[in-house]
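To be precise, the following lines are structure.pdb, and they hold PDB, C-alpha atoms, pLDDT in the B column.
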ATOM      1  CA  MET A   1     -45.628 -74.192  86.628  1.00 46.00           C
ATOM      2  CA  ARG A   2     -46.206 -71.668  89.414  1.00 47.00           C
ATOM      3  CA  LYS A   3     -45.783 -74.411  92.063  1.00 45.00           C
ATOM      4  CA  LEU A   4     -42.491 -75.438  90.455  1.00 39.00           C
ATOM      5  CA  ILE A   5     -41.157 -71.874  90.563  1.00 45.00           C
ATOM      6  CA  VAL A   6     -42.248 -71.471  94.200  1.00 41.00           C
ATOM      7  CA  GLY A   7     -40.603 -74.824  95.041  1.00 44.00           C
ATOM      8  CA  ILE A   8     -37.322 -73.830  93.392  1.00 45.00           C
ATOM      9  CA  ALA A   9     -37.350 -70.442  95.145  1.00 42.00           C
ATOM     10  CA  THR A  10     -37.956 -72.186  98.484  1.00 42.00           C
ATOM     11  CA  LEU A  11     -35.077 -74.609  97.919  1.00 39.00           C
ATOM     12  CA  LEU A  12     -32.736 -71.771  96.964  1.00 42.00           C
ATOM     13  CA  SER A  13     -33.809 -69.856 100.057  1.00 43.00           C
ATOM     14  CA  ILE A  14     -33.143 -72.892 102.291  1.00 41.00           C
ATOM     15  CA  LYS A  15     -29.765 -73.488 100.633  1.00 42.00           C
ATOM     16  CA  SER A  16     -28.844 -69.818 101.070  1.00 43.00           C
ATOM     17  CA  THR A  17     -29.915 -69.913 104.725  1.00 43.00           C
ATOM     18  CA  MET A  18     -27.930 -73.110 105.318  1.00 43.00           C
ATOM     19  CA  ALA A  19     -24.845 -71.614 103.663  1.00 46.00           C
ATOM     20  CA  GLY A  20     -25.123 -68.613 105.989  1.00 46.00           C
ATOM     21  CA  GLN A  21     -25.394 -70.963 108.969  1.00 44.00           C
ATOM     22  CA  GLU A  22     -22.247 -72.775 107.904  1.00 49.00           C
ATOM     23  CA  LEU A  23     -20.397 -69.483 108.006  1.00 51.00           C
ATOM     24  CA  GLN A  24     -22.092 -68.297 111.201  1.00 55.00           C
ATOM     25  CA  PRO A  25     -22.515 -71.053 113.835  1.00 67.00           C
ATOM     26  CA  LEU A  26     -25.143 -70.961 116.549  1.00 89.00           C
ATOM     27  CA  PRO A  27     -24.439 -68.287 119.175  1.00 95.00           C
ATOM     28  CA  LYS A  28     -23.205 -68.833 122.700  1.00 97.00           C
ATOM     29  CA  GLN A  29     -23.668 -66.533 125.668  1.00 97.00           C
ATOM     30  CA  ILE A  30     -20.566 -64.886 127.114  1.00 97.00           C
ATOM     31  CA  ASN A  31     -20.788 -64.077 130.828  1.00 95.00           C
ATOM     32  CA  TYR A  32     -17.752 -61.834 130.961  1.00 95.00           C
ATOM     33  CA  ARG A  33     -16.127 -61.844 134.398  1.00 92.00           C
ATOM     34  CA  GLY A  34     -18.984 -63.749 136.025  1.00 91.00           C
ATOM     35  CA  GLY A  35     -21.724 -61.688 134.393  1.00 93.00           C
ATOM     36  CA  LEU A  36     -20.284 -58.177 134.648  1.00 94.00           C
ATOM     37  CA  VAL A  37     -21.472 -57.894 131.053  1.00 96.00           C
ATOM     38  CA  VAL A  38     -23.358 -60.513 129.045  1.00 97.00           C
ATOM     39  CA  PHE A  39     -23.374 -60.726 125.252  1.00 97.00           C
ATOM     40  CA  ALA A  40     -23.378 -63.345 122.486  1.00 97.00           C
ATOM     41  CA  LEU A  41     -20.687 -64.670 120.153  1.00 97.00           C
ATOM     42  CA  PRO A  42     -20.658 -67.388 117.501  1.00 96.00           C
ATOM     43  CA  GLY A  43     -20.529 -70.746 119.271  1.00 95.00           C
ATOM     44  CA  THR A  44     -17.204 -71.846 117.796  1.00 95.00           C
ATOM     45  CA  TRP A  45     -15.272 -68.749 118.854  1.00 97.00           C
ATOM     46  CA  ILE A  46     -12.431 -69.209 121.314  1.00 97.00           C
ATOM     47  CA  GLU A  47     -12.418 -67.267 124.596  1.00 96.00           C
ATOM     48  CA  GLU A  48      -9.266 -66.121 126.392  1.00 97.00           C
ATOM     49  CA  TYR A  49      -9.101 -63.939 129.485  1.00 95.00           C
ATOM     50  CA  GLU A  50      -6.233 -61.932 130.923  1.00 92.00           C
ATOM     51  CA  PRO A  51      -5.685 -62.439 134.677  1.00 88.00           C
ATOM     52  CA  GLU A  52      -6.341 -58.789 135.550  1.00 82.00           C
ATOM     53  CA  GLY A  53      -8.895 -57.763 132.939  1.00 80.00           C
ATOM     54  CA  GLY A  54      -9.610 -57.910 129.254  1.00 93.00           C
ATOM     55  CA  GLY A  55     -11.034 -60.673 127.157  1.00 97.00           C
ATOM     56  CA  LEU A  56      -9.986 -61.911 123.735  1.00 97.00           C
ATOM     57  CA  PHE A  57     -12.366 -63.725 121.389  1.00 98.00           C
ATOM     58  CA  TYR A  58     -11.746 -65.125 117.904  1.00 96.00           C
ATOM     59  CA  ALA A  59     -12.824 -67.767 115.418  1.00 95.00           C
ATOM     60  CA  PRO A  60     -10.511 -70.768 115.038  1.00 94.00           C
ATOM     61  CA  GLY A  61      -8.222 -70.700 112.036  1.00 91.00           C
ATOM     62  CA  ALA A  62      -5.631 -68.452 110.465  1.00 87.00           C
ATOM     63  CA  ASP A  63      -6.206 -64.767 109.740  1.00 86.00           C
ATOM     64  CA  THR A  64      -9.522 -64.508 111.567  1.00 93.00           C
ATOM     65  CA  GLY A  65     -10.636 -61.296 113.247  1.00 96.00           C
ATOM     66  CA  THR A  66     -10.017 -60.693 116.934  1.00 97.00           C
ATOM     67  CA  LEU A  67     -12.547 -59.146 119.317  1.00 98.00           C
ATOM     68  CA  ARG A  68     -11.189 -57.560 122.468  1.00 98.00           C
ATOM     69  CA  LEU A  69     -13.224 -56.412 125.455  1.00 98.00           C
ATOM     70  CA  ASP A  70     -12.293 -54.293 128.438  1.00 97.00           C
ATOM     71  CA  VAL A  71     -14.734 -53.010 131.055  1.00 96.00           C
ATOM     72  CA  ILE A  72     -14.192 -50.193 133.506  1.00 95.00           C
ATOM     73  CA  THR A  73     -16.405 -49.050 136.359  1.00 94.00           C
ATOM     74  CA  ALA A  74     -15.949 -45.486 137.537  1.00 94.00           C
ATOM     75  CA  LYS A  75     -17.432 -43.501 140.400  1.00 93.00           C
ATOM     76  CA  SER A  76     -18.951 -40.191 139.390  1.00 90.00           C
ATOM     77  CA  PRO A  77     -18.423 -37.107 141.562  1.00 91.00           C
ATOM     78  CA  ASN A  78     -22.127 -36.333 140.969  1.00 91.00           C
ATOM     79  CA  PRO A  79     -25.252 -38.480 141.099  1.00 93.00           C
ATOM     80  CA  VAL A  80     -26.075 -40.239 137.789  1.00 92.00           C
ATOM     81  CA  THR A  81     -29.192 -41.626 136.144  1.00 89.00           C
ATOM     82  CA  SER A  82     -29.573 -43.833 133.082  1.00 82.00           C
ATOM     83  CA  ALA A  83     -30.017 -40.660 131.035  1.00 86.00           C
ATOM     84  CA  ASP A  84     -26.349 -39.849 131.771  1.00 91.00           C
ATOM     85  CA  SER A  85     -25.015 -42.832 129.783  1.00 93.00           C
ATOM     86  CA  ARG A  86     -25.047 -40.784 126.570  1.00 93.00           C
ATOM     87  CA  SER A  87     -23.301 -37.769 128.091  1.00 92.00           C
ATOM     88  CA  VAL A  88     -20.518 -39.974 129.473  1.00 92.00           C
ATOM     89  CA  LEU A  89     -19.584 -41.145 125.969  1.00 94.00           C
ATOM     90  CA  LEU A  90     -19.797 -37.596 124.609  1.00 92.00           C
ATOM     91  CA  LYS A  91     -17.494 -36.339 127.403  1.00 91.00           C
ATOM     92  CA  ILE A  92     -14.802 -38.893 126.581  1.00 90.00           C
ATOM     93  CA  GLY A  93     -14.607 -37.754 122.957  1.00 88.00           C
ATOM     94  CA  ASN A  94     -17.209 -39.706 121.003  1.00 88.00           C
ATOM     95  CA  SER A  95     -19.062 -37.523 118.534  1.00 85.00           C
ATOM     96  CA  HIS A  96     -21.872 -39.846 117.417  1.00 92.00           C
ATOM     97  CA  VAL A  97     -23.640 -41.448 120.373  1.00 95.00           C
ATOM     98  CA  GLU A  98     -26.906 -43.356 120.272  1.00 95.00           C
ATOM     99  CA  THR A  99     -29.108 -44.227 123.232  1.00 94.00           C
ATOM    100  CA  LEU A 100     -30.074 -47.900 123.308  1.00 94.00           C
ATOM    101  CA  PRO A 101     -33.565 -49.119 124.320  1.00 90.00           C
ATOM    102  CA  ALA A 102     -32.408 -50.389 127.743  1.00 86.00           C
ATOM    103  CA  GLY A 103     -30.944 -46.967 128.646  1.00 89.00           C
ATOM    104  CA  ALA A 104     -27.275 -47.605 127.876  1.00 95.00           C
ATOM    105  CA  ALA A 105     -25.567 -45.606 125.117  1.00 96.00           C
ATOM    106  CA  ILE A 106     -23.315 -46.736 122.265  1.00 97.00           C
ATOM    107  CA  ALA A 107     -20.666 -45.028 120.168  1.00 97.00           C
ATOM    108  CA  LYS A 108     -18.766 -46.615 117.309  1.00 96.00           C
ATOM    109  CA  ARG A 109     -15.953 -45.775 114.945  1.00 96.00           C
ATOM    110  CA  VAL A 110     -13.493 -47.376 112.532  1.00 96.00           C
ATOM    111  CA  SER A 111      -9.734 -46.840 112.348  1.00 97.00           C
ATOM    112  CA  ARG A 112      -7.079 -48.052 109.946  1.00 97.00           C
ATOM    113  CA  GLU A 113      -3.579 -48.696 111.229  1.00 97.00           C
ATOM    114  CA  VAL A 114      -0.454 -50.733 110.579  1.00 96.00           C
ATOM    115  CA  ASP A 115       0.531 -53.586 112.897  1.00 94.00           C
ATOM    116  CA  ARG A 116       3.960 -55.153 112.341  1.00 93.00           C
ATOM    117  CA  GLY A 117       3.917 -54.013 108.723  1.00 95.00           C
ATOM    118  CA  ASN A 118       0.376 -55.266 108.045  1.00 94.00           C
ATOM    119  CA  PRO A 119      -2.476 -52.845 107.320  1.00 97.00           C
ATOM    120  CA  ILE A 120      -5.325 -53.570 109.748  1.00 97.00           C
ATOM    121  CA  THR A 121      -8.819 -52.203 110.252  1.00 98.00           C
ATOM    122  CA  ILE A 122     -10.227 -51.855 113.745  1.00 98.00           C
ATOM    123  CA  TYR A 123     -13.938 -51.490 114.481  1.00 98.00           C
ATOM    124  CA  TRP A 124     -14.576 -49.896 117.879  1.00 97.00           C
ATOM    125  CA  TRP A 125     -17.696 -49.857 120.060  1.00 98.00           C
ATOM    126  CA  SER A 126     -18.035 -48.190 123.455  1.00 97.00           C
ATOM    127  CA  VAL A 127     -21.137 -48.901 125.505  1.00 98.00           C
ATOM    128  CA  ALA A 128     -21.818 -46.849 128.642  1.00 97.00           C
ATOM    129  CA  ASN A 129     -24.266 -47.795 131.367  1.00 96.00           C
ATOM    130  CA  ALA A 130     -24.985 -45.428 134.251  1.00 94.00           C
ATOM    131  CA  MET A 131     -25.535 -47.248 137.542  1.00 93.00           C
ATOM    132  CA  GLU A 132     -27.523 -45.137 139.945  1.00 90.00           C
ATOM    133  CA  PRO A 133     -26.708 -43.437 142.153  1.00 92.00           C
ATOM    134  CA  GLU A 134     -23.051 -42.685 141.328  1.00 93.00           C
ATOM    135  CA  HIS A 135     -21.288 -45.187 139.051  1.00 94.00           C
ATOM    136  CA  VAL A 136     -20.819 -45.644 135.319  1.00 95.00           C
ATOM    137  CA  ARG A 137     -19.684 -48.807 133.580  1.00 96.00           C
ATOM    138  CA  ILE A 138     -18.107 -48.668 130.100  1.00 96.00           C
ATOM    139  CA  ALA A 139     -17.592 -51.753 127.948  1.00 97.00           C
ATOM    140  CA  SER A 140     -15.016 -51.115 125.205  1.00 98.00           C
ATOM    141  CA  PHE A 141     -14.984 -53.557 122.285  1.00 98.00           C
ATOM    142  CA  SER A 142     -12.554 -53.598 119.371  1.00 98.00           C
ATOM    143  CA  TYR A 143     -12.602 -55.987 116.424  1.00 98.00           C
ATOM    144  CA  SER A 144      -9.363 -56.139 114.409  1.00 98.00           C
ATOM    145  CA  ILE A 145      -8.991 -57.639 110.947  1.00 97.00           C
ATOM    146  CA  LEU A 146      -6.461 -57.486 108.156  1.00 96.00           C
ATOM    147  CA  SER A 147      -7.524 -54.571 105.948  1.00 97.00           C
ATOM    148  CA  SER A 148      -7.449 -56.894 102.949  1.00 96.00           C
ATOM    149  CA  GLN A 149     -10.433 -58.726 104.541  1.00 96.00           C
ATOM    150  CA  GLU A 150     -12.666 -55.664 104.923  1.00 95.00           C
ATOM    151  CA  GLN A 151     -14.883 -56.551 101.960  1.00 94.00           C
ATOM    152  CA  SER A 152     -15.108 -60.310 102.596  1.00 94.00           C
ATOM    153  CA  GLU A 153     -18.378 -62.130 103.263  1.00 94.00           C
ATOM    154  CA  ARG A 154     -16.921 -63.517 106.502  1.00 93.00           C
ATOM    155  CA  THR A 155     -16.162 -59.995 107.762  1.00 95.00           C
ATOM    156  CA  ASP A 156     -19.644 -58.795 106.797  1.00 96.00           C
ATOM    157  CA  LEU A 157     -21.226 -61.689 108.714  1.00 94.00           C
ATOM    158  CA  ASP A 158     -18.978 -61.199 111.753  1.00 96.00           C
ATOM    159  CA  LEU A 159     -19.573 -57.439 111.881  1.00 97.00           C
ATOM    160  CA  SER A 160     -23.321 -57.860 111.520  1.00 96.00           C
ATOM    161  CA  PHE A 161     -23.371 -60.431 114.338  1.00 96.00           C
ATOM    162  CA  LEU A 162     -21.112 -58.324 116.594  1.00 97.00           C
ATOM    163  CA  GLU A 163     -23.071 -55.121 116.000  1.00 97.00           C
ATOM    164  CA  GLN A 164     -26.333 -56.788 117.007  1.00 97.00           C
ATOM    165  CA  SER A 165     -24.772 -58.560 119.984  1.00 97.00           C
ATOM    166  CA  ILE A 166     -23.070 -55.437 121.316  1.00 98.00           C
ATOM    167  CA  ARG A 167     -26.311 -53.453 120.964  1.00 97.00           C
ATOM    168  CA  GLU A 168     -28.032 -56.133 123.090  1.00 96.00           C
ATOM    169  CA  ILE A 169     -25.334 -56.206 125.805  1.00 96.00           C
ATOM    170  CA  ARG A 170     -26.588 -56.598 129.355  1.00 96.00           C
ATOM    171  CA  PHE A 171     -24.756 -55.081 132.309  1.00 95.00           C
ATOM    172  CA  SER A 172     -24.861 -56.503 135.815  1.00 93.00           C
ATOM    173  CA  PRO A 173     -26.953 -54.240 138.056  1.00 88.00           C
ATOM    174  CA  ILE A 174     -24.721 -55.239 140.981  1.00 88.00           C
ATOM    175  CA  LEU A 175     -21.746 -52.986 141.533  1.00 83.00           C
ATOM    176  CA  GLY A 176     -19.554 -55.748 142.979  1.00 71.00           C
ATOM    177  CA  LYS A 177     -19.702 -57.816 139.760  1.00 53.00           C
TER
END

Have the structure of the file written as C-alpha coordinates, please.
Amino acid sequence: MRKLIVGIATLLSIKSTMAGQELQPLPKQINYRGGLVVFALPGTWIEEYEPEGGGLFYAPGADTGTLRLDVITAKSPNPVTSADSRSVLLKIGNSHVETLPAGAAIAKRVSREVDRGNPITIYWWSVANAMEPEHVRIASFSYSILSSQEQSERTDLDLSFLEQSIREIRFSPILGK
(Lines of atoms letter the chains of each structure in order from A and count residues from 1; the text may use other names and numbers.)
(Lines give C-alpha, C1' and ligand atoms only; values in the text may rest on other atoms or scores of the structure.)
Protein backbone atom coordinates (compact mmCIF):
# COMPACT_ATOMS: atom_id res chain seq x y z
CA MET A 1 0.00 0.00 0.00
CA ARG A 2 2.83 2.38 0.87
CA LYS A 3 4.45 1.81 -2.56
CA LEU A 4 1.12 2.61 -4.24
CA ILE A 5 0.79 5.89 -2.35
CA VAL A 6 4.39 6.85 -3.16
CA GLY A 7 3.77 5.96 -6.83
CA ILE A 8 0.63 8.09 -7.00
CA ALA A 9 2.39 11.01 -5.30
CA THR A 10 5.26 10.72 -7.80
CA LEU A 11 2.88 10.71 -10.77
CA LEU A 12 1.03 13.74 -9.43
CA SER A 13 4.34 15.52 -8.90
CA ILE A 14 5.44 14.75 -12.48
CA LYS A 15 2.07 15.87 -13.86
CA SER A 16 2.25 19.09 -11.83
CA THR A 17 5.81 19.73 -13.03
CA MET A 18 4.81 19.06 -16.65
CA ALA A 19 1.82 21.40 -16.35
CA GLY A 20 4.16 24.13 -15.07
CA GLN A 21 6.48 23.50 -18.02
CA GLU A 22 3.60 23.88 -20.44
CA LEU A 23 2.93 27.31 -19.01
CA GLN A 24 6.61 28.24 -18.74
CA PRO A 25 8.71 27.12 -21.75
CA LEU A 26 12.44 26.53 -21.60
CA PRO A 27 14.41 29.77 -21.19
CA LYS A 28 16.47 31.53 -23.82
CA GLN A 29 19.36 33.90 -23.26
CA ILE A 30 18.87 37.53 -24.27
CA ASN A 31 22.08 39.34 -25.26
CA TYR A 32 20.63 42.83 -25.20
CA ARG A 33 22.45 45.16 -27.60
CA GLY A 34 25.24 42.68 -28.30
CA GLY A 35 25.73 41.70 -24.66
CA LEU A 36 25.44 45.07 -22.93
CA VAL A 37 23.27 43.15 -20.48
CA VAL A 38 22.50 39.43 -20.54
CA PHE A 39 19.43 37.84 -18.95
CA ALA A 40 16.95 35.03 -19.61
CA LEU A 41 13.36 34.96 -20.87
CA PRO A 42 10.94 32.15 -21.67
CA GLY A 43 11.95 30.64 -25.01
CA THR A 44 8.71 31.46 -26.82
CA TRP A 45 8.74 35.17 -26.00
CA ILE A 46 9.02 37.60 -28.89
CA GLU A 47 11.85 40.16 -28.97
CA GLU A 48 11.56 43.61 -30.54
CA TYR A 49 14.18 46.36 -30.43
CA GLU A 50 13.86 50.08 -31.06
CA PRO A 51 16.51 51.51 -33.42
CA GLU A 52 17.96 53.87 -30.81
CA GLY A 53 17.45 51.95 -27.58
CA GLY A 54 14.89 50.00 -25.65
CA GLY A 55 13.76 46.44 -26.00
CA LEU A 56 10.27 44.98 -25.87
CA PHE A 57 9.59 41.36 -24.93
CA TYR A 58 6.28 39.49 -24.68
CA ALA A 59 4.64 36.09 -24.94
CA PRO A 60 2.69 35.40 -28.14
CA GLY A 61 -1.06 35.76 -27.87
CA ALA A 62 -3.62 38.33 -26.81
CA ASP A 63 -3.50 40.17 -23.48
CA THR A 64 -0.06 38.92 -22.46
CA GLY A 65 2.26 41.01 -20.31
CA THR A 66 4.93 43.20 -21.86
CA LEU A 67 8.48 43.54 -20.54
CA ARG A 68 10.38 46.66 -21.50
CA LEU A 69 14.09 47.27 -20.99
CA ASP A 70 16.16 50.42 -21.27
CA VAL A 71 19.82 50.72 -20.29
CA ILE A 72 21.76 53.88 -19.62
CA THR A 73 25.46 54.32 -18.97
CA ALA A 74 26.50 57.46 -17.12
CA LYS A 75 29.87 58.93 -16.22
CA SER A 76 30.28 59.81 -12.57
CA PRO A 77 32.02 63.04 -11.56
CA ASN A 78 33.79 60.98 -8.86
CA PRO A 79 35.51 57.60 -8.92
CA VAL A 80 33.15 54.64 -8.29
CA THR A 81 33.51 51.10 -6.98
CA SER A 82 31.04 48.21 -7.01
CA ALA A 83 29.97 49.29 -3.53
CA ASP A 84 28.50 52.45 -5.12
CA SER A 85 25.82 50.54 -7.07
CA ARG A 86 23.46 50.68 -4.08
CA SER A 87 23.96 54.39 -3.45
CA VAL A 88 23.23 55.20 -7.10
CA LEU A 89 19.74 53.68 -6.83
CA LEU A 90 19.13 55.42 -3.49
CA LYS A 91 20.16 58.78 -5.01
CA ILE A 92 17.67 58.47 -7.86
CA GLY A 93 14.75 57.99 -5.47
CA ASN A 94 14.50 54.28 -4.70
CA SER A 95 13.81 53.63 -1.04
CA HIS A 96 14.33 49.86 -0.82
CA VAL A 97 17.58 48.78 -2.45
CA GLU A 98 19.22 45.38 -2.16
CA THR A 99 22.80 44.51 -3.04
CA LEU A 100 23.06 41.46 -5.29
CA PRO A 101 25.80 38.80 -4.88
CA ALA A 102 27.75 39.98 -7.96
CA GLY A 103 27.96 43.55 -6.60
CA ALA A 104 25.13 45.17 -8.56
CA ALA A 105 22.11 46.55 -6.70
CA ILE A 106 18.39 46.15 -7.36
CA ALA A 107 15.32 48.19 -6.48
CA LYS A 108 11.75 47.25 -7.30
CA ARG A 109 8.28 48.70 -7.02
CA VAL A 110 4.74 48.28 -8.33
CA SER A 111 2.45 50.96 -9.75
CA ARG A 112 -1.16 50.93 -10.88
CA GLU A 113 -2.23 53.20 -13.70
CA VAL A 114 -4.79 53.58 -16.47
CA ASP A 115 -3.78 53.16 -20.12
CA ARG A 116 -6.39 54.08 -22.74
CA GLY A 117 -9.16 53.45 -20.23
CA ASN A 118 -7.76 50.10 -19.06
CA PRO A 119 -6.44 49.64 -15.51
CA ILE A 120 -2.89 48.26 -15.72
CA THR A 121 -0.31 47.14 -13.19
CA ILE A 122 3.37 47.80 -13.82
CA TYR A 123 6.16 45.97 -12.01
CA TRP A 124 9.43 47.92 -12.08
CA TRP A 125 13.01 46.79 -11.47
CA SER A 126 16.11 48.98 -11.63
CA VAL A 127 19.51 47.30 -11.52
CA ALA A 128 22.63 49.44 -11.11
CA ASN A 129 26.16 48.28 -11.81
CA ALA A 130 29.14 50.50 -11.03
CA MET A 131 31.93 50.18 -13.59
CA GLU A 132 35.24 51.24 -12.13
CA PRO A 133 36.71 53.74 -12.31
CA GLU A 134 33.98 56.26 -13.22
CA HIS A 135 30.87 54.83 -14.90
CA VAL A 136 27.55 53.41 -13.77
CA ARG A 137 25.17 51.35 -15.87
CA ILE A 138 21.46 51.13 -14.97
CA ALA A 139 19.12 48.57 -16.51
CA SER A 140 15.47 49.60 -16.09
CA PHE A 141 12.85 46.87 -16.57
CA SER A 142 9.08 47.28 -16.49
CA TYR A 143 6.50 44.53 -16.87
CA SER A 144 2.97 45.73 -17.70
CA ILE A 145 -0.19 43.64 -17.40
CA LEU A 146 -3.90 44.30 -17.29
CA SER A 147 -4.76 44.75 -13.61
CA SER A 148 -7.45 42.10 -13.98
CA GLN A 149 -4.61 39.57 -14.55
CA GLU A 150 -2.69 40.35 -11.36
CA GLN A 151 -3.87 37.22 -9.54
CA SER A 152 -3.60 34.79 -12.47
CA GLU A 153 -1.33 31.74 -12.46
CA ARG A 154 0.28 32.96 -15.69
CA THR A 155 1.21 36.29 -14.07
CA ASP A 156 2.58 34.52 -10.99
CA LEU A 157 4.76 32.29 -13.20
CA ASP A 158 5.95 35.20 -15.35
CA LEU A 159 6.77 37.40 -12.35
CA SER A 160 8.63 34.60 -10.61
CA PHE A 161 10.67 33.90 -13.76
CA LEU A 162 11.38 37.61 -14.38
CA GLU A 163 12.36 38.29 -10.77
CA GLN A 164 14.91 35.48 -10.81
CA SER A 165 16.22 36.41 -14.26
CA ILE A 166 16.61 40.09 -13.43
CA ARG A 167 18.42 39.23 -10.18
CA GLU A 168 20.87 37.14 -12.25
CA ILE A 169 21.47 39.84 -14.90
CA ARG A 170 25.03 40.12 -16.18
CA PHE A 171 26.48 43.42 -17.34
CA SER A 172 29.23 43.73 -19.93
CA PRO A 173 32.48 44.77 -18.24
CA ILE A 174 33.43 46.62 -21.43
CA LEU A 175 32.36 50.24 -21.53
CA GLY A 176 31.97 50.32 -25.32
CA LYS A 177 29.26 47.62 -25.29

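Selection check: the PyMOL selection byres ((chain A and resi 55) around 6) on the shown file gives Glu48, Tyr49, Gly54, Leu56, Arg68 and Leu69 of chain A.
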
Picked residues, the PyMOL selection byres ((chain A and resi 155-166) around 9), as a ChimeraX atom specification: /A:20,23-24,39-42,64-65,106,123,125,127,141,143,145,149-154,167-170

For A:Lys91, work out the shell of residues within 12 Å, counting all atoms listed in the file and skipping chain neighbours fewer than 6 positions away, then give it as a list of chain:residue names. A:Asp84, A:Ser85, A:Val97, A:Ala107, A:Ala128

For a cut-off of 10 Å around (-14.8, -51.6, 133.0), file coordinates, pick out all residues using only C-alpha atoms and list them as a ChimeraX atom specification. /A:36-37,53-54,69-74,128,136-140

Dump C-alpha atoms for the selected residues as a PDB file, in the frame of the given file?
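File written: part_26.pdb
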ATOM      1  CA  LEU A  36     -20.284 -58.177 134.648  1.00 94.00           C
ATOM      2  CA  VAL A  37     -21.472 -57.894 131.053  1.00 96.00           C
ATOM      3  CA  GLY A  53      -8.895 -57.763 132.939  1.00 80.00           C
ATOM      4  CA  GLY A  54      -9.610 -57.910 129.254  1.00 93.00           C
ATOM      5  CA  LEU A  69     -13.224 -56.412 125.455  1.00 98.00           C
ATOM      6  CA  ASP A  70     -12.293 -54.293 128.438  1.00 97.00           C
ATOM      7  CA  VAL A  71     -14.734 -53.010 131.055  1.00 96.00           C
ATOM      8  CA  ILE A  72     -14.192 -50.193 133.506  1.00 95.00           C
ATOM      9  CA  THR A  73     -16.405 -49.050 136.359  1.00 94.00           C
ATOM     10  CA  ALA A  74     -15.949 -45.486 137.537  1.00 94.00           C
ATOM     11  CA  ALA A 128     -21.818 -46.849 128.642  1.00 97.00           C
ATOM     12  CA  VAL A 136     -20.819 -45.644 135.319  1.00 95.00           C
ATOM     13  CA  ARG A 137     -19.684 -48.807 133.580  1.00 96.00           C
ATOM     14  CA  ILE A 138     -18.107 -48.668 130.100  1.00 96.00           C
ATOM     15  CA  ALA A 139     -17.592 -51.753 127.948  1.00 97.00           C
ATOM     16  CA  SER A 140     -15.016 -51.115 125.205  1.00 98.00           C
TER      17      SER A 140
END

Take every atom of stretch 109-113 of chain A listed in the file, pad by 8 Å on each side, and give me the axis-aligned box centre and edge lengths in Å, one decimal, as AutoDock Vina command-line options.
--center_x -9.8 --center_y -47.2 --center_z 112.4 --size_x 28.4 --size_y 18.9 --size_z 21.0

Atom pair atom CA of A:Ser82 / atom CA of A:Met131: separation (Å): 6.9 Å

Distance of atom CA of A:Asn31 from atom CA of A:Gly61, expressed in Å to one decimal place: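 Separating atom CA of A:Gly61 from atom CA of A:Asn31 is a distance of 23.6 Å.
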
Step by step, work through what the PyMOL selection byres ((chain A and resi 172) around 9) selects in the shown file, and finish by giving those residues as a list in words.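 Applied to this file, the PyMOL selection byres ((chain A and resi 172) around 9) returns Gly35, Leu36, Val37, Val38, Arg170, Phe171, Pro173, Ile174, Leu175, Gly176 and Lys177 of chain A.
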
How would you write as a ChimeraX atom specification the residues that get within 12 Å of (-27.0, -40.6, 139.2) in the file's frame, counting all atoms listed in the file? /A:75-85,88,129-136

Counting all atoms listed in the file, the option among A:Ser142, A:Ala59, A:Leu67, A:Tyr32 closest to A:Trp45: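 Nearest to A:Trp45: A:Ala59.
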
Given all atoms listed in the file as the counted atoms, nearest of A:Leu26, A:Ile46, A:Val110, A:Ile92 to A:Thr66: A:Ile46

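Note that atom CA of A:Ser111 and atom CA of A:Leu146 are 11.9 Å apart.
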
With distances taken over only C-alpha atoms, the candidate from A:Thr121, A:Ser126, A:Arg112, A:Glu47 nearest A:Glu98 is A:Ser126
